[in-house]
Each structure stands twice: as structure tokens, then as C-alpha cells.
Amino acid sequence: MRRPSRTGPPDLKTVGIVGRQNSGKTHLVVRLVAEFRRRGQSVSTIKHTHHHDIELDSPGKDSYRHREAGAREVLVASDHRWFLMHTVEKGSPPALGELIARLAPCDLVLIEGYKGFAGHPRIEVHRPAVTGAAEPLAAMDPSILAVACPTEAATARWTSAARHLDLDDTAAIADFIAAH
């Protein structure tokens with residue numbers, strides 16, 4: 001079992017997938033992971049959630065009991081996978097760079113969420129049918145490289161330097177990411 005580096009490789013390629021709630025970010029990330037794996041690349045992901053007290057273990061399980069007893073980190077390992085849970089001080093969320101540094105070397109890291117972090121290239125998922133009249137985030141954030149949206153939405157009234165990608169064309173979005 002390979003142990004992730006605490007300092008992390010400095011050359012990890014990262015791409016963010018951002019968008020408003022229920023726009024389809026997770027669906028696109030899952031499709032992109034499968035596409036890059038099909039291409040023979042190793043992919044890791046980081047997902048940001050707005051839920052503050054996420055639980056991966058449940059009351060009564062040993063890992064839960066370890067954490068409840070005060071362990072700062074709990075690593076659960078089996079023959080097939082392992083998980084590391086880290087408890088942070090209230091009000092001090094980990095910086096995205098710290099999380100990336102914990103990942104093992106790979107070809108690409110897809111980061112879902114962190115829409116306010118412009119430190120890595122980002123693609124926005126935009127579905128006007130879901131977000132209503134709200135403009136894409138790219139209309140206000142020029143650091144977003146592309147907007148992935150349904151074909152019929154690509155002619156929308158917003159103006160942005162971001163390129164428009166067909167949300168249903170996973171291979172083309174993967175090609176765009178590989179080119180950047």
C-alpha cells in the first residue's frame with residue numbers, strides 16, 4: 001500500500017469543476033474520471049461540501065469510537081481500500097493546497113467545488129434549466145476557463161471570455177482539460 005506524501009508532489013495537475021448547486025458537477029466529475037481512466041491515466045478527486053459535520057463512519061463503529069475519544073486522525077484500512085479521517089479545529093478549514101499535498105502522485109486531480117478558489121484552472125457546469133435566470137459564474141469570474149453547458153444554452157445572452165463546451169460531450173471536455 002502506497003502512503004500519501006505529507007508534502008505532496010509539487011507538479012500535480014489540478015482542474016476544478018465548479019457550478020451552482022444541483023448543476024451537475026458530480027455527474028461530470030464521475031464521467032471525467034471514467035474517461036481519463038479509459039485513457040490510461042490515474043485520477044484522484046477532492047470534493048468540497050457545504051455540510052460542516054460530515055460523517056463517513058457511524059455510531060458504534062470502531063473508527064467512530066476512536067474519533068469520539070479524541071483521535072485527531074483515524075485511518076481505517078482493509079485489503080481493498082483505506083480511508084483517513086482528520087478532525088480540524090472549528091473555524092479553521094484546511095486550505096485546498098494542504099489537501100492536495102496529502103494525495104499520492106497521479107496524472108490529474110479533479111477538484112469539485114471550491115468555486116471561490118482561483119488558484120487552479122476551472123471549468124463551470126452551467127444548466128440554465130436548473131439555475132433559472134442566474135448567469136454563469138464565469139460572467140463574473142474571468143479565471144474560469146470554460147463553461148460546460150447544454151448545447152442549446154451555449155448561445156445564452158451572457159458574455160464571457162470562457163470557452164463554451166458541450167456538457168454532454170465528455171470526451172471533448174477531457175480533451176480540453178488535457179490541453180490545459
# chains A, B, ... in the order shown; residues from 1 in each chain; ligands from 1
$ residues_around --residues "Gly70 (chain A)" --least-positions-apart "5" --cutoff "12 Å" --atoms "only C-alpha atoms" --output "number ranges by chain"
A: 63-65, 86-89
$ residues_around --residues "Ala179 (chain A)" --least-positions-apart "5" --cutoff "12 Å" --atoms "only C-alpha atoms" --output "ChimeraX atom specification"
/A:13,15,121,145,172-174
$ write_last_selection --atoms "N, CA and C atoms" --output "short mmCIF file (atom, residue, chain, number, x, y, z; two decimals), in the first residue's frame"
data_model
loop_
_atom_site.label_atom_id
_atom_site.label_comp_id
_atom_site.auth_asym_id
_atom_site.auth_seq_id
_atom_site.Cartn_x
_atom_site.Cartn_y
_atom_site.Cartn_z
N LYS A 13 -1.21 17.98 -11.52
CA LYS A 13 -2.08 18.78 -12.38
C LYS A 13 -3.47 18.78 -11.77
N VAL A 15 -7.53 20.46 -11.88
CA VAL A 15 -8.58 21.16 -12.61
C VAL A 15 -9.81 21.17 -11.72
N PRO A 121 -6.90 25.92 -12.67
CA PRO A 121 -7.85 26.08 -13.78
C PRO A 121 -9.20 25.48 -13.40
N LEU A 145 -12.02 28.99 -17.06
CA LEU A 145 -11.57 28.78 -18.44
C LEU A 145 -12.68 28.44 -19.41
N ALA A 172 -14.78 15.46 -25.30
CA ALA A 172 -14.32 16.81 -25.69
C ALA A 172 -13.91 17.62 -24.46
N ILE A 173 -14.64 17.47 -23.37
CA ILE A 173 -14.26 18.17 -22.13
C ILE A 173 -12.93 17.62 -21.63
N ALA A 174 -12.76 16.31 -21.69
CA ALA A 174 -11.48 15.69 -21.28
C ALA A 174 -10.35 16.17 -22.18
#
$ residues_around --residues "Gly24 (chain A)" --least-positions-apart "4" --cutoff "12 Å" --atoms "only C-alpha atoms" --output "VMD selection string"
chain A and resid 17 to 20 28 to 31 112 to 113 124 to 131 148 to 150 167 to 168
$ residues_around --residues "Gly16 (chain A)" --least-positions-apart "2" --cutoff "6 Å" --atoms "only C-alpha atoms" --output "PyMOL selection string"
chain A and resi 110-112+122
$ closest_residue --among "A:Gly116, A:Pro59, A:Pro94, A:Pro105" --to "Leu137 (chain A)" --atoms "only C-alpha atoms"
A:Gly116
$ select_by_dssp --residues "region 22-176 of chain A" --states "strand (DSSP E or B)" --output "number ranges by chain"
A: 43-47, 73-77, 82-86, 108-112, 122-125, 144-149, 163-166
$ write_last_selection --atoms "C-alpha atoms" --output "tab-separated table (two decimals), in the first residue's frame"
chain	number	residue	atom	x	y	z
A	43	VAL	CA	-7.04	10.35	-11.40
A	44	SER	CA	-7.71	11.49	-7.85
A	45	THR	CA	-10.54	13.73	-6.71
A	46	ILE	CA	-11.22	16.23	-3.96
A	47	LYS	CA	-14.83	17.18	-3.24
A	73	GLU	CA	-6.75	11.38	12.66
A	74	VAL	CA	-8.29	7.95	12.20
A	75	LEU	CA	-7.07	5.72	9.41
A	76	VAL	CA	-9.23	2.71	8.56
A	77	ALA	CA	-7.57	0.08	6.38
A	82	TRP	CA	-8.17	2.75	3.25
A	83	PHE	CA	-9.65	5.99	4.49
A	84	LEU	CA	-8.07	8.77	6.51
A	85	MET	CA	-10.36	10.98	8.58
A	86	HIS	CA	-8.87	14.14	10.03
A	108	LEU	CA	-4.71	14.51	-12.68
A	109	VAL	CA	-6.64	15.80	-9.67
A	110	LEU	CA	-10.24	16.83	-10.31
A	111	ILE	CA	-11.48	19.25	-7.65
A	112	GLU	CA	-15.24	19.55	-7.27
A	122	ARG	CA	-11.62	25.66	-13.50
A	123	ILE	CA	-14.50	24.58	-15.69
A	124	GLU	CA	-18.01	25.64	-14.76
A	125	VAL	CA	-21.03	23.37	-15.13
A	144	ILE	CA	-12.95	30.24	-15.20
A	145	LEU	CA	-11.57	28.78	-18.44
A	146	ALA	CA	-14.70	27.19	-19.85
A	147	VAL	CA	-18.41	26.76	-19.28
A	148	ALA	CA	-19.81	23.28	-19.88
A	149	CYS	CA	-23.48	23.64	-20.64
A	163	ARG	CA	-14.98	28.90	-23.88
A	164	HIS	CA	-18.27	27.02	-24.18
A	165	LEU	CA	-18.14	23.21	-24.05
A	166	ASP	CA	-20.96	20.77	-24.75
$ select_by_dssp --residues "chain A" --states "alpha helix (DSSP H)" --output "VMD selection string"
chain A and resid 25 to 38 62 to 68 96 to 101 128 to 131 170 to 179
$ atom_distance --atom1 "CA of Arg102 (chain A)" --atom2 "CA of Ala118 (chain A)"
19.9 Å
